[in-house]
Amino acid sequence: MCGIVGYIGDKKAVEFLLEGLTKLEYRGYDSAGIAVNCGVNIFVEKAVGRLDALKEKLKNREPEGTVGIGHTRWATHGRPSDLNAHPHTDCTGKFVVVHNGIIENYMSLKEDLISRGHKFISETDTEVVPHLLEEVYKGDFIGAVREVLNKIEGSYSLVFMSKDNPETLICAKQDNPLVVGLGKGENFIASDIPAIISKTRDTYILNDGEIAIVKKDSVKIINRRGEDVQKKVFRVTWNAEAAEKGGYEHFMLKEIHEQPKAVRDTMSERVLKDGSAIVMEELHWDKNFLDSINKIYIVACGTAYHAGLVGKFYIEKLARKLVEVDLASEYRYRDPIVDEKTLVIVISQSGETSDTLAALKESKRLGAKTLAVTNVVGSSIAREADQVVYTWAGPEIAVASTKAYTTQLILMFMLALYMAQIQKTVSPERTRELIELLKKIPAQISETLSDVDPIKTFARQYGFNEDVFYIGRSLDYDVALEGALKLKEISYIHAEAYASGELKHGTLALIVEGVPVIALATQKSVYEKTLSNIKEVKARDAVVIGIAAAGDTELEKYLDHVIFVPETDELLIPLLTVVPLQLLAYYAAITRGCDVDKPRNLAKSVTVE
Ligand code: F6R
């Protein structure tokens, strides 16, 4: 997704701009550009492709100016190209803008501006912004920016630069993240904290509707009406190293290996010391509250949606409340039956996913109570929801989500058990037993991670197959969906997950000799049925790799390869079975020489529709 940086101070702006953009590369992008105020003019350079292409263009001609803005673009309006890359300028080159998000009314604005003689050179929605600024500017930079903001509709984080106002950068936020980093004699702007963390830990995290007027030794925040906003400095406590690879070849592998710690962190402070109960300090729910809810929706996208499917299982099984799970992109447009008796739980690692945020806003509009499960403190979704519980997984950099998923699972499990305690739908003995097993999960993930050699071998053996199928029943099916997503997104192998019982309703036709099938068989309640599905695919000469719990002696009788995970309750086993699937996807991608951390066409944080 697009990244924004800005600098104002006494140093050569280009140095921070390129460094900051490099730190944001993990967000995914297809072109990059910078603009630096050089006094006589604003220097602009852009290049399609990786940042190296931009650096190449800047070789021996880096601008000296000390005020600048930069951007990495992920194409939405118009294909990736030099012209469509940001920053964008007006007709005179005096106003320059970078933008994340979408200007929804850009077509009508563009037509109007063209009729007034403005010349457009890109296909982007963003380009209307500098032209609007040119149109309304009468010498008052701040006033003109406010006027522009009143004309545009949509979502944005925007940074404005003006040749004639070299002492000021202005930025504005609506539904897209934006942070101002506070330095000494210099200030920084970025769409994400990693871009500025090596420069400063003191920040202002902008809220929707806020505008920051950033000079080299001051930052003033106002609202859209021009009134002063008093903001507290937010001190970033996580260190820069946490956002680096820490010795692993890829962020994804590092994050897979961080899972024991991540799930432990998620649990910490939420399990009563004596192991008798779950505590959710953030929620303070009681029986009255839960009795007032007659339906729960879990709404999310991608991997977070898969975590939602498991969450549904947990809540229904433990707390006996009806739960529907929906994709945010579907839910938001399908007139869902939601009212004040509905609890909507949105799950989002980034807390910025556009569809999830919109679904949340729609739920609130319909009167629902809302809860966000997210990893990013202060994210848009965290701020928008009535209540929020954080997964505390630490920053997730790789595009493919791993530790976010397992921490979401842990959190949904604890939430379900917490609800069950209030509802008294699970006995104290069973609660204790589950908490005891829950506490063992971090160590069991470590154990699962310690035996990767067979997984590497399978990845090498089958990494060049065109299709892979994943099958399972009950929670195994939910994990199969996640395993298939991991494989397709980073290795580009066509991977599909099916509920094993569905095979004979169509998919079995695709199972022929040599097709790899990953079969999860950990759910005791449906074990026999799963086994007969496995025999069905085996009979068609598929290559079946089983995923089973330690102690399973049955599966090995039928399969050549079985990967075992430690034994636990069948409710908790998804936290273990997903690990070999993540590793399988990772090593298959390595086998095929794919760019694991930045898979093609994908972005870490999907802040546009
Ligand atoms: C897949 C992946 C995506 C995200 C999805 C939602 O590995 O990462 O499917 O899960 O884009 O993102 P968040 O959780 O940030 O809302």
# chains A, B, ... in the order shown; residues from 1 in each chain; ligands from 1
$ residues_near_ligand --ligand "ligand 1" --cutoff "7 Å" --atoms "only C-alpha atoms and all ligand atoms" --output "PDB file with N, CA and C atoms, in the first residue's frame"
ATOM      1  N   ALA A 300     -14.340  -9.426   8.658  1.00  0.00           N
ATOM      2  CA  ALA A 300     -12.903  -9.239   8.423  1.00  0.00           C
ATOM      3  C   ALA A 300     -12.566  -9.586   6.977  1.00  0.00           C
ATOM      4  N   CYS A 301     -11.305  -9.473   6.630  1.00  0.00           N
ATOM      5  CA  CYS A 301     -10.834  -9.815   5.281  1.00  0.00           C
ATOM      6  C   CYS A 301      -9.661 -10.805   5.375  1.00  0.00           C
ATOM      7  N   GLY A 302      -9.520 -11.611   4.341  1.00  0.00           N
ATOM      8  CA  GLY A 302      -8.328 -12.460   4.170  1.00  0.00           C
ATOM      9  C   GLY A 302      -8.056 -13.345   5.362  1.00  0.00           C
ATOM     10  N   THR A 303      -6.819 -13.304   5.797  1.00  0.00           N
ATOM     11  CA  THR A 303      -6.398 -14.133   6.927  1.00  0.00           C
ATOM     12  C   THR A 303      -7.210 -13.820   8.182  1.00  0.00           C
ATOM     13  N   ALA A 304      -7.500 -12.552   8.384  1.00  0.00           N
ATOM     14  CA  ALA A 304      -8.276 -12.168   9.569  1.00  0.00           C
ATOM     15  C   ALA A 304      -9.676 -12.790   9.501  1.00  0.00           C
ATOM     16  N   ILE A 347     -12.132  -7.977  12.903  1.00  0.00           N
ATOM     17  CA  ILE A 347     -10.755  -8.426  13.159  1.00  0.00           C
ATOM     18  C   ILE A 347      -9.863  -7.842  12.065  1.00  0.00           C
ATOM     19  N   SER A 348      -8.793  -7.190  12.468  1.00  0.00           N
ATOM     20  CA  SER A 348      -7.881  -6.616  11.477  1.00  0.00           C
ATOM     21  C   SER A 348      -6.505  -6.431  12.089  1.00  0.00           C
ATOM     22  N   GLN A 349      -5.525  -7.067  11.492  1.00  0.00           N
ATOM     23  CA  GLN A 349      -4.161  -6.896  11.979  1.00  0.00           C
ATOM     24  C   GLN A 349      -3.762  -5.432  11.942  1.00  0.00           C
ATOM     25  N   SER A 350      -3.881  -4.837  10.763  1.00  0.00           N
ATOM     26  CA  SER A 350      -3.393  -3.463  10.576  1.00  0.00           C
ATOM     27  C   SER A 350      -4.296  -2.429  11.229  1.00  0.00           C
ATOM     28  N   GLY A 351      -5.575  -2.767  11.338  1.00  0.00           N
ATOM     29  CA  GLY A 351      -6.537  -1.790  11.831  1.00  0.00           C
ATOM     30  C   GLY A 351      -6.820  -0.702  10.816  1.00  0.00           C
ATOM     31  N   GLU A 352      -6.378  -0.903   9.573  1.00  0.00           N
ATOM     32  CA  GLU A 352      -6.564   0.132   8.554  1.00  0.00           C
ATOM     33  C   GLU A 352      -7.290  -0.386   7.325  1.00  0.00           C
ATOM     34  N   THR A 353      -7.626  -1.665   7.290  1.00  0.00           N
ATOM     35  CA  THR A 353      -8.223  -2.236   6.083  1.00  0.00           C
ATOM     36  C   THR A 353      -9.532  -1.516   5.747  1.00  0.00           C
ATOM     37  N   THR A 356     -12.926  -3.346   6.048  1.00  0.00           N
ATOM     38  CA  THR A 356     -13.264  -3.666   7.440  1.00  0.00           C
ATOM     39  C   THR A 356     -13.682  -2.397   8.177  1.00  0.00           C
ATOM     40  N   VAL A 399       4.131  -9.316   4.068  1.00  0.00           N
ATOM     41  CA  VAL A 399       2.759  -9.170   3.558  1.00  0.00           C
ATOM     42  C   VAL A 399       1.907 -10.354   4.021  1.00  0.00           C
ATOM     43  N   ALA A 400       2.481 -11.546   3.951  1.00  0.00           N
ATOM     44  CA  ALA A 400       1.710 -12.725   4.369  1.00  0.00           C
ATOM     45  C   ALA A 400       1.603 -12.742   5.891  1.00  0.00           C
ATOM     46  N   SER A 401       0.389 -12.769   6.356  1.00  0.00           N
ATOM     47  CA  SER A 401       0.129 -12.692   7.790  1.00  0.00           C
ATOM     48  C   SER A 401       0.357 -14.048   8.449  1.00  0.00           C
ATOM     49  N   THR A 402       1.121 -14.082   9.526  1.00  0.00           N
ATOM     50  CA  THR A 402       1.366 -15.348  10.230  1.00  0.00           C
ATOM     51  C   THR A 402       1.098 -15.170  11.726  1.00  0.00           C
ATOM     52  N   LEU A 485      -4.460 -20.181   1.438  1.00  0.00           N
ATOM     53  CA  LEU A 485      -4.215 -18.761   1.157  1.00  0.00           C
ATOM     54  C   LEU A 485      -2.718 -18.451   1.244  1.00  0.00           C
ATOM     55  N   LYS A 486      -2.077 -18.988   2.292  1.00  0.00           N
ATOM     56  CA  LYS A 486      -0.637 -18.737   2.462  1.00  0.00           C
ATOM     57  C   LYS A 486       0.116 -19.225   1.239  1.00  0.00           C
ATOM     58  N   LYS A 604       0.596  -4.945   2.148  1.00  0.00           N
ATOM     59  CA  LYS A 604       0.406  -5.318   3.549  1.00  0.00           C
ATOM     60  C   LYS A 604      -0.881  -4.751   4.119  1.00  0.00           C
ATOM     61  N   SER A 605      -1.111  -3.490   3.791  1.00  0.00           N
ATOM     62  CA  SER A 605      -2.253  -2.856   4.423  1.00  0.00           C
ATOM     63  C   SER A 605      -3.145  -2.315   3.309  1.00  0.00           C
ATOM     64  N   VAL A 606      -4.364  -2.850   3.222  1.00  0.00           N
ATOM     65  CA  VAL A 606      -5.208  -2.537   2.067  1.00  0.00           C
ATOM     66  C   VAL A 606      -6.153  -1.395   2.435  1.00  0.00           C
TER      67      VAL A 606
END
$ residues_around --residues "Glu316 (chain A)" --least-positions-apart "5" --cutoff "12 Å" --atoms "only C-alpha atoms" --output "list in words"
Lys295, Ile296, Tyr297, Leu309, Val310, Gly311, Lys321, Leu322, Val323, Glu324, Val325, Met412, Phe413, Leu415, Ala416, Leu417, Met419, Ala420, Gln423, Thr425, Val426 and Leu571 of chain A
$ select_by_dssp --residues "region 350-495 of chain A" --states "strand (DSSP E or B)" --output "NGL selection string"
:A and (369-374 or 387-390 or 467-472 or 494-495)
$ write_last_selection --atoms "C-alpha atoms" --output "short mmCIF file (atom, residue, chain, number, x, y, z; two decimals), in the first residue's frame"
data_model
loop_
_atom_site.label_atom_id
_atom_site.label_comp_id
_atom_site.auth_asym_id
_atom_site.auth_seq_id
_atom_site.Cartn_x
_atom_site.Cartn_y
_atom_site.Cartn_z
CA LYS A 369 -22.27 -2.57 19.52
CA THR A 370 -18.80 -2.94 18.11
CA LEU A 371 -15.57 -4.54 19.19
CA ALA A 372 -12.27 -4.39 17.31
CA VAL A 373 -9.63 -7.10 17.52
CA THR A 374 -6.52 -5.51 16.11
CA GLN A 387 -14.28 -1.27 22.36
CA VAL A 388 -10.96 -2.72 21.35
CA VAL A 389 -8.79 -5.67 22.34
CA TYR A 390 -5.25 -5.73 21.03
CA ASP A 467 -2.28 -27.22 -8.04
CA VAL A 468 -2.43 -28.19 -4.39
CA PHE A 469 -5.57 -29.09 -2.44
CA TYR A 470 -6.16 -28.73 1.27
CA ILE A 471 -8.88 -30.70 2.99
CA GLY A 472 -10.28 -30.94 6.49
CA HIS A 494 -2.95 -22.57 -7.28
CA ALA A 495 -4.16 -23.80 -3.92
#
$ residues_around --residues "Leu475 (chain A)" --least-positions-apart "4" --cutoff "9 Å" --atoms "only C-alpha atoms" --output "list in words"
Leu309, Val310, Phe313, Val479, Ala480, Thr522, Gln523, Glu570, Leu571, Ile573 and Pro574 of chain A
$ write_last_selection --atoms "N, CA and C atoms" --output "short mmCIF file (atom, residue, chain, number, x, y, z; two decimals), in the first residue's frame"
data_model
loop_
_atom_site.label_atom_id
_atom_site.label_comp_id
_atom_site.auth_asym_id
_atom_site.auth_seq_id
_atom_site.Cartn_x
_atom_site.Cartn_y
_atom_site.Cartn_z
N LEU A 309 -13.47 -17.25 11.28
CA LEU A 309 -14.18 -18.53 11.18
C LEU A 309 -13.90 -19.40 12.40
N VAL A 310 -12.64 -19.39 12.82
CA VAL A 310 -12.29 -20.15 14.02
C VAL A 310 -12.96 -19.51 15.24
N PHE A 313 -16.45 -20.61 15.68
CA PHE A 313 -16.50 -21.96 16.27
C PHE A 313 -16.34 -21.87 17.79
N VAL A 479 -8.61 -24.06 9.14
CA VAL A 479 -7.15 -23.93 9.04
C VAL A 479 -6.68 -24.24 7.62
N ALA A 480 -7.36 -25.19 6.98
CA ALA A 480 -7.02 -25.52 5.58
C ALA A 480 -7.17 -24.28 4.70
N THR A 522 -7.28 -33.69 12.65
CA THR A 522 -7.03 -33.55 14.10
C THR A 522 -8.31 -33.49 14.92
N GLN A 523 -9.44 -33.38 14.26
CA GLN A 523 -10.68 -33.16 15.01
C GLN A 523 -11.31 -34.50 15.38
N GLU A 570 -8.80 -30.38 20.88
CA GLU A 570 -9.08 -30.14 19.46
C GLU A 570 -9.48 -28.68 19.18
N LEU A 571 -9.90 -27.96 20.22
CA LEU A 571 -10.21 -26.54 20.02
C LEU A 571 -8.93 -25.72 19.79
N ILE A 573 -5.95 -26.92 18.72
CA ILE A 573 -4.96 -27.47 17.79
C ILE A 573 -4.75 -26.61 16.52
N PRO A 574 -5.74 -25.78 16.10
CA PRO A 574 -5.45 -24.92 14.94
C PRO A 574 -4.21 -24.04 15.14
#
$ residues_around --residues "Thr89 (chain A)" --least-positions-apart "6" --cutoff "8 Å" --atoms "only C-alpha atoms" --output "list in words"
Phe95, Val96, Val97, Glu127, Pro130 and His131 of chain A
$ residues_around --residues "Val338 (chain A)" --least-positions-apart "5" --cutoff "12 Å" --atoms "only C-alpha atoms" --output "NGL selection string"
:A and (293-297 or 324 or 331-332 or 343-344 or 359-360 or 362-370)
